[in-house]
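structure16.cif (mmCIF, N, CA and C atoms) appears below.
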data_coords
#
loop_
_atom_site.label_atom_id
_atom_site.label_comp_id
_atom_site.auth_asym_id
_atom_site.auth_seq_id
_atom_site.Cartn_x
_atom_site.Cartn_y
_atom_site.Cartn_z
N MET A 1 -79.19 -57.30 4.75
CA MET A 1 -78.10 -58.22 5.06
C MET A 1 -78.20 -58.66 6.50
N ALA A 2 -77.79 -59.85 6.78
CA ALA A 2 -77.91 -60.42 8.12
C ALA A 2 -76.53 -60.65 8.72
N ASP A 3 -76.51 -60.64 10.03
CA ASP A 3 -75.32 -61.07 10.77
C ASP A 3 -75.57 -62.51 11.20
N PHE A 4 -74.57 -63.37 10.98
CA PHE A 4 -74.71 -64.79 11.32
C PHE A 4 -73.77 -65.13 12.47
N GLU A 5 -74.29 -65.95 13.39
CA GLU A 5 -73.48 -66.39 14.52
C GLU A 5 -73.72 -67.88 14.75
N TRP A 6 -72.63 -68.62 14.85
CA TRP A 6 -72.69 -70.05 15.13
C TRP A 6 -72.43 -70.26 16.61
N SER A 7 -73.12 -71.24 17.18
CA SER A 7 -72.84 -71.63 18.56
C SER A 7 -73.06 -73.14 18.69
N ILE A 8 -72.50 -73.68 19.75
CA ILE A 8 -72.60 -75.11 20.02
C ILE A 8 -73.37 -75.29 21.32
N GLY A 9 -74.40 -76.14 21.28
CA GLY A 9 -75.21 -76.39 22.47
C GLY A 9 -74.80 -77.64 23.21
N ARG A 10 -74.38 -78.68 22.47
CA ARG A 10 -74.00 -79.96 23.08
C ARG A 10 -72.93 -80.64 22.25
N MET A 11 -72.16 -81.46 22.93
CA MET A 11 -71.19 -82.33 22.24
C MET A 11 -71.37 -83.74 22.80
N THR A 12 -71.26 -84.72 21.93
CA THR A 12 -71.29 -86.11 22.35
C THR A 12 -69.88 -86.66 22.19
N ARG A 13 -69.45 -87.40 23.21
CA ARG A 13 -68.10 -87.96 23.13
C ARG A 13 -68.10 -89.39 23.61
N GLU A 14 -67.19 -90.17 23.03
CA GLU A 14 -66.95 -91.54 23.48
C GLU A 14 -65.77 -91.51 24.42
N TYR A 15 -65.83 -92.34 25.44
CA TYR A 15 -64.73 -92.36 26.41
C TYR A 15 -63.44 -92.90 25.81
N GLY A 16 -63.55 -93.84 24.88
CA GLY A 16 -62.36 -94.43 24.27
C GLY A 16 -61.76 -95.47 25.20
N PRO A 17 -60.55 -95.85 24.96
CA PRO A 17 -59.65 -95.30 23.94
C PRO A 17 -59.89 -95.89 22.56
N ASP A 18 -59.45 -95.13 21.54
CA ASP A 18 -59.52 -95.62 20.18
C ASP A 18 -58.24 -96.37 19.86
N ALA A 19 -58.05 -96.74 18.60
CA ALA A 19 -56.86 -97.50 18.19
C ALA A 19 -55.57 -96.75 18.44
N GLU A 20 -55.65 -95.41 18.47
CA GLU A 20 -54.46 -94.59 18.71
C GLU A 20 -54.26 -94.26 20.19
N GLY A 21 -55.19 -94.75 21.03
CA GLY A 21 -55.09 -94.49 22.46
C GLY A 21 -55.77 -93.20 22.90
N HIS A 22 -56.46 -92.53 21.99
CA HIS A 22 -57.15 -91.29 22.35
C HIS A 22 -58.38 -91.59 23.19
N THR A 23 -58.67 -90.73 24.14
CA THR A 23 -59.88 -90.83 24.94
C THR A 23 -60.71 -89.57 24.73
N ASP A 24 -61.95 -89.61 25.22
CA ASP A 24 -62.86 -88.47 25.11
C ASP A 24 -62.95 -87.98 23.66
N ILE A 25 -63.42 -88.86 22.80
CA ILE A 25 -63.47 -88.62 21.36
C ILE A 25 -64.82 -88.00 21.00
N VAL A 26 -64.81 -86.77 20.49
CA VAL A 26 -66.05 -86.09 20.11
C VAL A 26 -66.59 -86.75 18.84
N THR A 27 -67.84 -87.20 18.93
CA THR A 27 -68.47 -87.88 17.79
C THR A 27 -69.55 -87.03 17.13
N SER A 28 -70.06 -86.01 17.85
CA SER A 28 -71.06 -85.13 17.24
C SER A 28 -71.18 -83.84 18.05
N VAL A 29 -71.67 -82.81 17.38
CA VAL A 29 -72.00 -81.55 18.06
C VAL A 29 -73.37 -81.10 17.58
N GLU A 30 -74.14 -80.53 18.49
CA GLU A 30 -75.41 -79.89 18.14
C GLU A 30 -75.11 -78.41 18.00
N TRP A 31 -75.38 -77.87 16.81
CA TRP A 31 -75.03 -76.48 16.53
C TRP A 31 -76.28 -75.65 16.28
N LEU A 32 -76.10 -74.35 16.40
CA LEU A 32 -77.17 -73.39 16.16
C LEU A 32 -76.60 -72.25 15.34
N LEU A 33 -77.26 -71.94 14.23
CA LEU A 33 -76.88 -70.81 13.39
C LEU A 33 -77.98 -69.75 13.56
N THR A 34 -77.60 -68.59 14.10
CA THR A 34 -78.55 -67.52 14.35
C THR A 34 -78.29 -66.38 13.37
N ALA A 35 -79.34 -65.92 12.72
CA ALA A 35 -79.26 -64.77 11.81
C ALA A 35 -79.99 -63.62 12.48
N THR A 36 -79.36 -62.46 12.48
CA THR A 36 -79.93 -61.27 13.10
C THR A 36 -79.88 -60.12 12.10
N THR A 37 -80.96 -59.33 12.07
CA THR A 37 -80.95 -58.14 11.20
C THR A 37 -79.90 -57.17 11.73
N ASP A 38 -79.43 -56.30 10.83
CA ASP A 38 -78.38 -55.34 11.20
C ASP A 38 -78.76 -54.50 12.41
N ASP A 39 -80.06 -54.17 12.54
CA ASP A 39 -80.49 -53.36 13.68
C ASP A 39 -80.72 -54.19 14.94
N GLY A 40 -80.58 -55.53 14.84
CA GLY A 40 -80.73 -56.41 15.99
C GLY A 40 -82.17 -56.64 16.41
N GLU A 41 -83.11 -56.14 15.64
CA GLU A 41 -84.52 -56.21 16.03
C GLU A 41 -85.15 -57.57 15.76
N HIS A 42 -84.66 -58.30 14.74
CA HIS A 42 -85.27 -59.58 14.37
C HIS A 42 -84.19 -60.66 14.32
N LYS A 43 -84.59 -61.88 14.75
CA LYS A 43 -83.70 -63.04 14.72
C LYS A 43 -84.44 -64.25 14.19
N THR A 44 -83.69 -65.13 13.58
CA THR A 44 -84.22 -66.44 13.19
C THR A 44 -83.07 -67.43 13.31
N ARG A 45 -83.40 -68.70 13.43
CA ARG A 45 -82.37 -69.70 13.73
C ARG A 45 -82.53 -70.96 12.88
N TRP A 46 -81.41 -71.66 12.73
CA TRP A 46 -81.38 -72.97 12.09
C TRP A 46 -80.47 -73.83 12.96
N SER A 47 -80.91 -75.03 13.27
CA SER A 47 -80.09 -75.90 14.12
C SER A 47 -79.86 -77.24 13.43
N GLY A 48 -78.86 -77.93 13.91
CA GLY A 48 -78.56 -79.23 13.34
C GLY A 48 -77.57 -79.99 14.20
N ILE A 49 -77.29 -81.19 13.77
CA ILE A 49 -76.31 -82.05 14.44
C ILE A 49 -75.28 -82.47 13.41
N ALA A 50 -74.03 -82.22 13.72
CA ALA A 50 -72.94 -82.65 12.85
C ALA A 50 -72.31 -83.89 13.49
N ARG A 51 -72.30 -84.98 12.73
CA ARG A 51 -71.68 -86.22 13.22
C ARG A 51 -70.34 -86.38 12.53
N PHE A 52 -69.39 -86.91 13.29
CA PHE A 52 -68.02 -86.98 12.79
C PHE A 52 -67.55 -88.41 12.66
N VAL A 53 -66.77 -88.61 11.61
CA VAL A 53 -66.03 -89.86 11.44
C VAL A 53 -64.59 -89.51 11.81
N ILE A 54 -64.02 -90.29 12.67
CA ILE A 54 -62.67 -89.99 13.13
C ILE A 54 -61.69 -90.13 11.98
N ASP A 55 -60.95 -89.06 11.74
CA ASP A 55 -59.92 -89.05 10.71
C ASP A 55 -58.57 -89.24 11.41
N GLU A 56 -58.01 -90.42 11.25
CA GLU A 56 -56.75 -90.75 11.95
C GLU A 56 -55.60 -89.87 11.47
N ASP A 57 -55.72 -89.26 10.27
CA ASP A 57 -54.66 -88.40 9.75
C ASP A 57 -54.76 -86.96 10.25
N ALA A 58 -55.90 -86.60 10.83
CA ALA A 58 -56.09 -85.22 11.29
C ALA A 58 -55.34 -84.99 12.60
N ASP A 59 -55.02 -83.74 12.85
CA ASP A 59 -54.37 -83.39 14.11
C ASP A 59 -55.35 -83.66 15.25
N TRP A 60 -54.84 -84.29 16.29
CA TRP A 60 -55.67 -84.63 17.44
C TRP A 60 -55.77 -83.42 18.37
N VAL A 61 -56.98 -83.12 18.80
CA VAL A 61 -57.19 -82.05 19.77
C VAL A 61 -57.73 -82.70 21.05
N PRO A 62 -56.97 -82.65 22.13
CA PRO A 62 -57.47 -83.23 23.39
C PRO A 62 -58.79 -82.55 23.80
N TYR A 63 -59.68 -83.33 24.39
CA TYR A 63 -61.00 -82.83 24.75
C TYR A 63 -60.92 -81.54 25.57
N SER A 64 -60.01 -81.50 26.52
CA SER A 64 -59.90 -80.33 27.40
C SER A 64 -59.44 -79.07 26.67
N GLU A 65 -58.93 -79.22 25.45
CA GLU A 65 -58.45 -78.08 24.68
C GLU A 65 -59.42 -77.65 23.56
N ILE A 66 -60.55 -78.34 23.45
CA ILE A 66 -61.53 -77.98 22.43
C ILE A 66 -62.24 -76.70 22.87
N THR A 67 -62.23 -75.70 22.00
CA THR A 67 -62.96 -74.46 22.26
C THR A 67 -64.23 -74.47 21.41
N GLU A 68 -65.12 -73.55 21.71
CA GLU A 68 -66.33 -73.46 20.89
C GLU A 68 -65.96 -73.12 19.45
N GLU A 69 -64.94 -72.30 19.28
CA GLU A 69 -64.49 -71.94 17.93
C GLU A 69 -64.07 -73.19 17.15
N ILE A 70 -63.34 -74.08 17.78
CA ILE A 70 -62.91 -75.32 17.13
C ILE A 70 -64.13 -76.18 16.79
N ALA A 71 -65.04 -76.32 17.75
CA ALA A 71 -66.24 -77.15 17.52
C ALA A 71 -67.09 -76.56 16.39
N VAL A 72 -67.18 -75.23 16.31
CA VAL A 72 -67.92 -74.59 15.23
C VAL A 72 -67.25 -74.88 13.89
N GLU A 73 -65.92 -74.81 13.85
CA GLU A 73 -65.20 -75.14 12.61
C GLU A 73 -65.51 -76.57 12.17
N TRP A 74 -65.52 -77.49 13.12
CA TRP A 74 -65.85 -78.88 12.79
C TRP A 74 -67.26 -78.99 12.23
N ALA A 75 -68.20 -78.30 12.86
CA ALA A 75 -69.59 -78.34 12.39
C ALA A 75 -69.69 -77.76 10.99
N GLN A 76 -69.02 -76.64 10.74
CA GLN A 76 -69.06 -76.02 9.42
C GLN A 76 -68.42 -76.92 8.37
N GLU A 77 -67.33 -77.57 8.71
CA GLU A 77 -66.70 -78.50 7.77
C GLU A 77 -67.64 -79.66 7.46
N ALA A 78 -68.34 -80.15 8.48
CA ALA A 78 -69.26 -81.27 8.29
C ALA A 78 -70.43 -80.87 7.40
N GLU A 79 -70.93 -79.65 7.56
CA GLU A 79 -72.06 -79.18 6.74
C GLU A 79 -71.61 -78.84 5.32
N GLY A 80 -70.46 -78.24 5.18
CA GLY A 80 -69.94 -77.89 3.86
C GLY A 80 -70.42 -76.53 3.38
N PRO A 81 -69.64 -75.89 2.51
CA PRO A 81 -69.95 -74.52 2.07
C PRO A 81 -71.27 -74.38 1.32
N GLU A 82 -71.65 -75.38 0.53
CA GLU A 82 -72.91 -75.29 -0.22
C GLU A 82 -74.11 -75.30 0.72
N LYS A 83 -74.09 -76.19 1.70
CA LYS A 83 -75.19 -76.28 2.66
C LYS A 83 -75.25 -75.00 3.51
N ILE A 84 -74.10 -74.47 3.91
CA ILE A 84 -74.08 -73.25 4.70
C ILE A 84 -74.66 -72.09 3.89
N ALA A 85 -74.29 -71.98 2.63
CA ALA A 85 -74.84 -70.91 1.78
C ALA A 85 -76.36 -71.06 1.66
N GLU A 86 -76.84 -72.29 1.52
CA GLU A 86 -78.29 -72.55 1.44
C GLU A 86 -78.99 -72.13 2.74
N MET A 87 -78.41 -72.49 3.87
CA MET A 87 -79.00 -72.14 5.16
C MET A 87 -79.03 -70.62 5.34
N GLU A 88 -77.93 -69.96 5.02
CA GLU A 88 -77.87 -68.50 5.19
C GLU A 88 -78.89 -67.80 4.28
N ALA A 89 -79.04 -68.28 3.06
CA ALA A 89 -80.02 -67.68 2.15
C ALA A 89 -81.44 -67.88 2.69
N SER A 90 -81.72 -69.04 3.23
CA SER A 90 -83.04 -69.32 3.79
C SER A 90 -83.30 -68.45 5.02
N LEU A 91 -82.29 -68.30 5.87
CA LEU A 91 -82.44 -67.45 7.06
C LEU A 91 -82.65 -65.99 6.68
N GLU A 92 -81.94 -65.53 5.66
CA GLU A 92 -82.13 -64.15 5.19
C GLU A 92 -83.55 -63.95 4.66
N ALA A 93 -84.08 -64.94 3.96
CA ALA A 93 -85.46 -64.85 3.46
C ALA A 93 -86.44 -64.82 4.63
N ASP A 94 -86.17 -65.62 5.65
CA ASP A 94 -87.03 -65.61 6.85
C ASP A 94 -86.98 -64.25 7.54
N LEU A 95 -85.79 -63.67 7.62
CA LEU A 95 -85.67 -62.34 8.23
C LEU A 95 -86.46 -61.30 7.44
N GLU A 96 -86.40 -61.40 6.13
CA GLU A 96 -87.13 -60.45 5.28
C GLU A 96 -88.63 -60.54 5.57
N LYS A 97 -89.13 -61.76 5.79
CA LYS A 97 -90.54 -61.94 6.11
C LYS A 97 -90.88 -61.33 7.47
N LEU A 98 -89.92 -61.38 8.40
CA LEU A 98 -90.16 -60.77 9.71
C LEU A 98 -90.15 -59.24 9.62
N VAL A 99 -89.25 -58.71 8.80
CA VAL A 99 -89.12 -57.26 8.66
C VAL A 99 -90.31 -56.71 7.87
N THR A 100 -90.67 -57.39 6.79
CA THR A 100 -91.77 -56.95 5.93
C THR A 100 -92.75 -58.11 5.78
N PRO A 101 -93.62 -58.29 6.77
CA PRO A 101 -94.54 -59.44 6.71
C PRO A 101 -95.51 -59.34 5.53
N THR A 102 -95.84 -60.49 4.98
CA THR A 102 -96.80 -60.56 3.89
C THR A 102 -98.06 -61.29 4.31
N GLU A 103 -98.08 -61.80 5.54
CA GLU A 103 -99.26 -62.48 6.06
C GLU A 103 -99.24 -62.41 7.58
N VAL A 104 -100.38 -62.68 8.18
CA VAL A 104 -100.48 -62.70 9.63
C VAL A 104 -101.38 -63.86 10.01
N THR A 105 -101.06 -64.53 11.09
CA THR A 105 -101.91 -65.59 11.61
C THR A 105 -102.68 -65.03 12.80
N GLU A 106 -103.98 -64.97 12.67
CA GLU A 106 -104.83 -64.46 13.75
C GLU A 106 -105.14 -65.59 14.71
N ARG A 107 -105.18 -65.25 15.98
CA ARG A 107 -105.47 -66.22 17.02
C ARG A 107 -106.80 -65.88 17.69
N SER A 108 -107.29 -66.81 18.45
CA SER A 108 -108.51 -66.60 19.21
C SER A 108 -108.40 -65.30 19.99
N GLY A 109 -109.42 -64.51 19.91
CA GLY A 109 -109.43 -63.19 20.52
C GLY A 109 -109.28 -62.10 19.48
N ASP A 110 -108.67 -62.46 18.34
CA ASP A 110 -108.47 -61.50 17.25
C ASP A 110 -109.25 -61.88 16.00
N LEU A 111 -110.07 -62.94 16.10
CA LEU A 111 -110.82 -63.40 14.94
C LEU A 111 -112.06 -62.54 14.74
N PRO A 112 -112.54 -62.42 13.50
CA PRO A 112 -113.66 -61.52 13.21
C PRO A 112 -114.90 -61.79 14.04
N TRP A 113 -115.15 -63.02 14.43
CA TRP A 113 -116.37 -63.35 15.18
C TRP A 113 -116.20 -63.25 16.69
N ASP A 114 -114.97 -62.95 17.14
CA ASP A 114 -114.74 -62.79 18.58
C ASP A 114 -115.41 -61.51 19.08
N PRO A 115 -115.92 -61.53 20.30
CA PRO A 115 -116.53 -60.31 20.85
C PRO A 115 -115.52 -59.17 20.89
N VAL A 116 -116.00 -57.97 20.68
CA VAL A 116 -115.15 -56.78 20.72
C VAL A 116 -114.93 -56.41 22.18
N SER A 117 -113.69 -56.13 22.53
CA SER A 117 -113.39 -55.75 23.91
C SER A 117 -113.93 -54.35 24.19
N PRO A 118 -114.24 -54.02 25.45
CA PRO A 118 -114.73 -52.68 25.79
C PRO A 118 -113.77 -51.57 25.34
N ALA A 119 -112.47 -51.79 25.43
CA ALA A 119 -111.50 -50.79 25.01
C ALA A 119 -111.62 -50.54 23.51
N GLU A 120 -111.81 -51.59 22.72
CA GLU A 120 -111.96 -51.43 21.27
C GLU A 120 -113.26 -50.71 20.94
N GLU A 121 -114.32 -50.99 21.71
CA GLU A 121 -115.59 -50.30 21.48
C GLU A 121 -115.42 -48.80 21.71
N GLU A 122 -114.67 -48.43 22.77
CA GLU A 122 -114.42 -47.02 23.04
C GLU A 122 -113.64 -46.38 21.89
N GLU A 123 -112.61 -47.09 21.36
CA GLU A 123 -111.83 -46.58 20.24
C GLU A 123 -112.73 -46.36 19.03
N ASP A 124 -113.62 -47.32 18.76
CA ASP A 124 -114.54 -47.20 17.63
C ASP A 124 -115.47 -46.00 17.81
N ASP A 125 -115.95 -45.81 19.04
CA ASP A 125 -116.85 -44.68 19.32
C ASP A 125 -116.12 -43.36 19.10
N GLU A 126 -114.84 -43.30 19.50
CA GLU A 126 -114.05 -42.08 19.32
C GLU A 126 -113.79 -41.81 17.85
N ASP A 127 -113.55 -42.88 17.08
CA ASP A 127 -113.32 -42.73 15.65
C ASP A 127 -114.57 -42.21 14.92
N ASP A 128 -115.74 -42.60 15.42
CA ASP A 128 -116.99 -42.21 14.80
C ASP A 128 -117.33 -40.73 15.08
N SER A 129 -116.75 -40.13 16.12
CA SER A 129 -117.07 -38.74 16.47
C SER A 129 -116.42 -37.75 15.57
#
Can the structure from this file be put into structure tokens for me?
Amino acid sequence: MADFEWSIGRMTREYGPDAEGHTDIVTSVEWLLTATTDDGEHKTRWSGIARFVIDEDADWVPYSEITEEIAVEWAQEAEGPEKIAEMEASLEADLEKLVTPTEVTERSGDLPWDPVSPAEEEEDDEDDS
């Protein structure tokens, strides 16, 4: 099971005023959903941008009173419960791959044709004894 944490990295706002006289109107937020294993050893992330259509019937929150919690709620509402469940399931699958890898990508220096380092040669010599 994973622990999920939402955070907001940026908000875009229009100066306004709108038809109701509101200023500093938030039009989008860039969010980050981080999944962490219970032991805190592995993390994976999903990010996105939630764009908003101004709902004149919604309660107005002045820009100076917007908290990260409020912005996260807006982002979650924009994404919707089905999309959030899909993202969380995907992040949990990614965490499982980190905890129990099924493949590895070798890089230069670790490829079979790369020269063996002197330290590895010593280890091989010790294993042969």
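Put simply, CA of Ile84 in chain A is 10.8 Å away from CA of Phe4 in chain A.
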TODO: Could you give me the residues within range 5-116 of chain A that DSSP places in alpha helix (DSSP H), as a PyMOL selection string?
DONE: chain A and resi 68-79+81-99
At a cut-off of 8 Å, using only C-alpha atoms, what residues contact range 91-95 of chain A? Leave out same-chain residues fewer than 2 positions from it and give the result as a PDB file with N, CA and C atoms, in the frame of the given file.
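Saved to result27.pdb:
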ATOM      1  N   MET A   1     -79.190 -57.300   4.750  1.00  0.00           N
ATOM      2  CA  MET A   1     -78.100 -58.220   5.060  1.00  0.00           C
ATOM      3  C   MET A   1     -78.200 -58.660   6.500  1.00  0.00           C
ATOM      4  N   ALA A   2     -77.790 -59.850   6.780  1.00  0.00           N
ATOM      5  CA  ALA A   2     -77.910 -60.420   8.120  1.00  0.00           C
ATOM      6  C   ALA A   2     -76.530 -60.650   8.720  1.00  0.00           C
ATOM      7  N   ALA A  35     -79.340 -65.920  12.720  1.00  0.00           N
ATOM      8  CA  ALA A  35     -79.260 -64.770  11.810  1.00  0.00           C
ATOM      9  C   ALA A  35     -79.990 -63.620  12.480  1.00  0.00           C
ATOM     10  N   THR A  36     -79.360 -62.460  12.480  1.00  0.00           N
ATOM     11  CA  THR A  36     -79.930 -61.270  13.100  1.00  0.00           C
ATOM     12  C   THR A  36     -79.880 -60.120  12.100  1.00  0.00           C
ATOM     13  N   THR A  37     -80.960 -59.330  12.070  1.00  0.00           N
ATOM     14  CA  THR A  37     -80.950 -58.140  11.200  1.00  0.00           C
ATOM     15  C   THR A  37     -79.900 -57.170  11.730  1.00  0.00           C
ATOM     16  N   HIS A  42     -84.660 -58.300  14.740  1.00  0.00           N
ATOM     17  CA  HIS A  42     -85.270 -59.580  14.370  1.00  0.00           C
ATOM     18  C   HIS A  42     -84.190 -60.660  14.320  1.00  0.00           C
ATOM     19  N   LYS A  43     -84.590 -61.880  14.750  1.00  0.00           N
ATOM     20  CA  LYS A  43     -83.700 -63.040  14.720  1.00  0.00           C
ATOM     21  C   LYS A  43     -84.440 -64.250  14.190  1.00  0.00           C
ATOM     22  N   THR A  44     -83.690 -65.130  13.580  1.00  0.00           N
ATOM     23  CA  THR A  44     -84.220 -66.440  13.190  1.00  0.00           C
ATOM     24  C   THR A  44     -83.070 -67.430  13.310  1.00  0.00           C
ATOM     25  N   ARG A  45     -83.400 -68.700  13.430  1.00  0.00           N
ATOM     26  CA  ARG A  45     -82.370 -69.700  13.730  1.00  0.00           C
ATOM     27  C   ARG A  45     -82.530 -70.960  12.880  1.00  0.00           C
ATOM     28  N   TRP A  46     -81.410 -71.660  12.730  1.00  0.00           N
ATOM     29  CA  TRP A  46     -81.380 -72.970  12.090  1.00  0.00           C
ATOM     30  C   TRP A  46     -80.470 -73.830  12.960  1.00  0.00           C
ATOM     31  N   MET A  87     -78.410 -72.490   3.870  1.00  0.00           N
ATOM     32  CA  MET A  87     -79.000 -72.140   5.160  1.00  0.00           C
ATOM     33  C   MET A  87     -79.030 -70.620   5.340  1.00  0.00           C
ATOM     34  N   GLU A  88     -77.930 -69.960   5.020  1.00  0.00           N
ATOM     35  CA  GLU A  88     -77.870 -68.500   5.190  1.00  0.00           C
ATOM     36  C   GLU A  88     -78.890 -67.800   4.280  1.00  0.00           C
ATOM     37  N   ALA A  89     -79.040 -68.280   3.060  1.00  0.00           N
ATOM     38  CA  ALA A  89     -80.020 -67.680   2.150  1.00  0.00           C
ATOM     39  C   ALA A  89     -81.440 -67.880   2.690  1.00  0.00           C
ATOM     40  N   LYS A  97     -89.130 -61.760   5.790  1.00  0.00           N
ATOM     41  CA  LYS A  97     -90.540 -61.940   6.110  1.00  0.00           C
ATOM     42  C   LYS A  97     -90.880 -61.330   7.470  1.00  0.00           C
ATOM     43  N   LEU A  98     -89.920 -61.380   8.400  1.00  0.00           N
ATOM     44  CA  LEU A  98     -90.160 -60.770   9.710  1.00  0.00           C
ATOM     45  C   LEU A  98     -90.150 -59.240   9.620  1.00  0.00           C
ATOM     46  N   VAL A  99     -89.250 -58.710   8.800  1.00  0.00           N
ATOM     47  CA  VAL A  99     -89.120 -57.260   8.660  1.00  0.00           C
ATOM     48  C   VAL A  99     -90.310 -56.710   7.870  1.00  0.00           C
TER      49      VAL A  99
END
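Taken over the whole file, the PyMOL selection byres ((chain A and resi 13) around 6) covers exactly Met11, Thr12, Glu14, Tyr15, Asp24, Ile25, Val26, Thr27 and Ser28 of chain A.
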- [ ] Looking only at strand (DSSP E) from DSSP on the backbone, list the matching residues of chain A as a VMD selection string.
- [x] chain A and resid 2 to 14 25 to 37 43 to 51
Just-selected residues, N, CA and C atoms written as a CSV table (one decimal), in the coordinates of the input:
chain,number,residue,atom,x,y,z
A,2,ALA,N,-77.8,-59.8,6.8
A,2,ALA,CA,-77.9,-60.4,8.1
A,2,ALA,C,-76.5,-60.6,8.7
A,3,ASP,N,-76.5,-60.6,10.0
A,3,ASP,CA,-75.3,-61.1,10.8
A,3,ASP,C,-75.6,-62.5,11.2
A,4,PHE,N,-74.6,-63.4,11.0
A,4,PHE,CA,-74.7,-64.8,11.3
A,4,PHE,C,-73.8,-65.1,12.5
A,5,GLU,N,-74.3,-66.0,13.4
A,5,GLU,CA,-73.5,-66.4,14.5
A,5,GLU,C,-73.7,-67.9,14.8
A,6,TRP,N,-72.6,-68.6,14.8
A,6,TRP,CA,-72.7,-70.0,15.1
A,6,TRP,C,-72.4,-70.3,16.6
A,7,SER,N,-73.1,-71.2,17.2
A,7,SER,CA,-72.8,-71.6,18.6
A,7,SER,C,-73.1,-73.1,18.7
A,8,ILE,N,-72.5,-73.7,19.8
A,8,ILE,CA,-72.6,-75.1,20.0
A,8,ILE,C,-73.4,-75.3,21.3
A,9,GLY,N,-74.4,-76.1,21.3
A,9,GLY,CA,-75.2,-76.4,22.5
A,9,GLY,C,-74.8,-77.6,23.2
A,10,ARG,N,-74.4,-78.7,22.5
A,10,ARG,CA,-74.0,-80.0,23.1
A,10,ARG,C,-72.9,-80.6,22.2
A,11,MET,N,-72.2,-81.5,22.9
A,11,MET,CA,-71.2,-82.3,22.2
A,11,MET,C,-71.4,-83.7,22.8
A,12,THR,N,-71.3,-84.7,21.9
A,12,THR,CA,-71.3,-86.1,22.4
A,12,THR,C,-69.9,-86.7,22.2
A,13,ARG,N,-69.4,-87.4,23.2
A,13,ARG,CA,-68.1,-88.0,23.1
A,13,ARG,C,-68.1,-89.4,23.6
A,14,GLU,N,-67.2,-90.2,23.0
A,14,GLU,CA,-67.0,-91.5,23.5
A,14,GLU,C,-65.8,-91.5,24.4
A,25,ILE,N,-63.4,-88.9,22.8
A,25,ILE,CA,-63.5,-88.6,21.4
A,25,ILE,C,-64.8,-88.0,21.0
A,26,VAL,N,-64.8,-86.8,20.5
A,26,VAL,CA,-66.0,-86.1,20.1
A,26,VAL,C,-66.6,-86.8,18.8
A,27,THR,N,-67.8,-87.2,18.9
A,27,THR,CA,-68.5,-87.9,17.8
A,27,THR,C,-69.6,-87.0,17.1
A,28,SER,N,-70.1,-86.0,17.8
A,28,SER,CA,-71.1,-85.1,17.2
A,28,SER,C,-71.2,-83.8,18.0
A,29,VAL,N,-71.7,-82.8,17.4
A,29,VAL,CA,-72.0,-81.6,18.1
A,29,VAL,C,-73.4,-81.1,17.6
A,30,GLU,N,-74.1,-80.5,18.5
A,30,GLU,CA,-75.4,-79.9,18.1
A,30,GLU,C,-75.1,-78.4,18.0
A,31,TRP,N,-75.4,-77.9,16.8
A,31,TRP,CA,-75.0,-76.5,16.5
A,31,TRP,C,-76.3,-75.6,16.3
A,32,LEU,N,-76.1,-74.4,16.4
A,32,LEU,CA,-77.2,-73.4,16.2
A,32,LEU,C,-76.6,-72.2,15.3
A,33,LEU,N,-77.3,-71.9,14.2
A,33,LEU,CA,-76.9,-70.8,13.4
A,33,LEU,C,-78.0,-69.8,13.6
A,34,THR,N,-77.6,-68.6,14.1
A,34,THR,CA,-78.6,-67.5,14.4
A,34,THR,C,-78.3,-66.4,13.4
A,35,ALA,N,-79.3,-65.9,12.7
A,35,ALA,CA,-79.3,-64.8,11.8
A,35,ALA,C,-80.0,-63.6,12.5
A,36,THR,N,-79.4,-62.5,12.5
A,36,THR,CA,-79.9,-61.3,13.1
A,36,THR,C,-79.9,-60.1,12.1
A,37,THR,N,-81.0,-59.3,12.1
A,37,THR,CA,-81.0,-58.1,11.2
A,37,THR,C,-79.9,-57.2,11.7
A,43,LYS,N,-84.6,-61.9,14.8
A,43,LYS,CA,-83.7,-63.0,14.7
A,43,LYS,C,-84.4,-64.2,14.2
A,44,THR,N,-83.7,-65.1,13.6
A,44,THR,CA,-84.2,-66.4,13.2
A,44,THR,C,-83.1,-67.4,13.3
A,45,ARG,N,-83.4,-68.7,13.4
A,45,ARG,CA,-82.4,-69.7,13.7
A,45,ARG,C,-82.5,-71.0,12.9
A,46,TRP,N,-81.4,-71.7,12.7
A,46,TRP,CA,-81.4,-73.0,12.1
A,46,TRP,C,-80.5,-73.8,13.0
A,47,SER,N,-80.9,-75.0,13.3
A,47,SER,CA,-80.1,-75.9,14.1
A,47,SER,C,-79.9,-77.2,13.4
A,48,GLY,N,-78.9,-77.9,13.9
A,48,GLY,CA,-78.6,-79.2,13.3
A,48,GLY,C,-77.6,-80.0,14.2
A,49,ILE,N,-77.3,-81.2,13.8
A,49,ILE,CA,-76.3,-82.0,14.4
A,49,ILE,C,-75.3,-82.5,13.4
A,50,ALA,N,-74.0,-82.2,13.7
A,50,ALA,CA,-72.9,-82.6,12.8
A,50,ALA,C,-72.3,-83.9,13.5
A,51,ARG,N,-72.3,-85.0,12.7
A,51,ARG,CA,-71.7,-86.2,13.2
A,51,ARG,C,-70.3,-86.4,12.5
Task: Residues returned when the PyMOL selection byres ((chain A and resi 6) around 6.5) runs on this file, as a VMD selection string - done: chain A and resid 4 to 5 7 to 8 32 to 34 72
- [ ] Counting all atoms listed in the file, select every polymer residue within 5 Å of (-72.2, -78.9, 18.4) as defined in the file's coordinates, and provide the selection as a VMD selection string.
- [x] chain A and resid 8 to 10 29 to 31
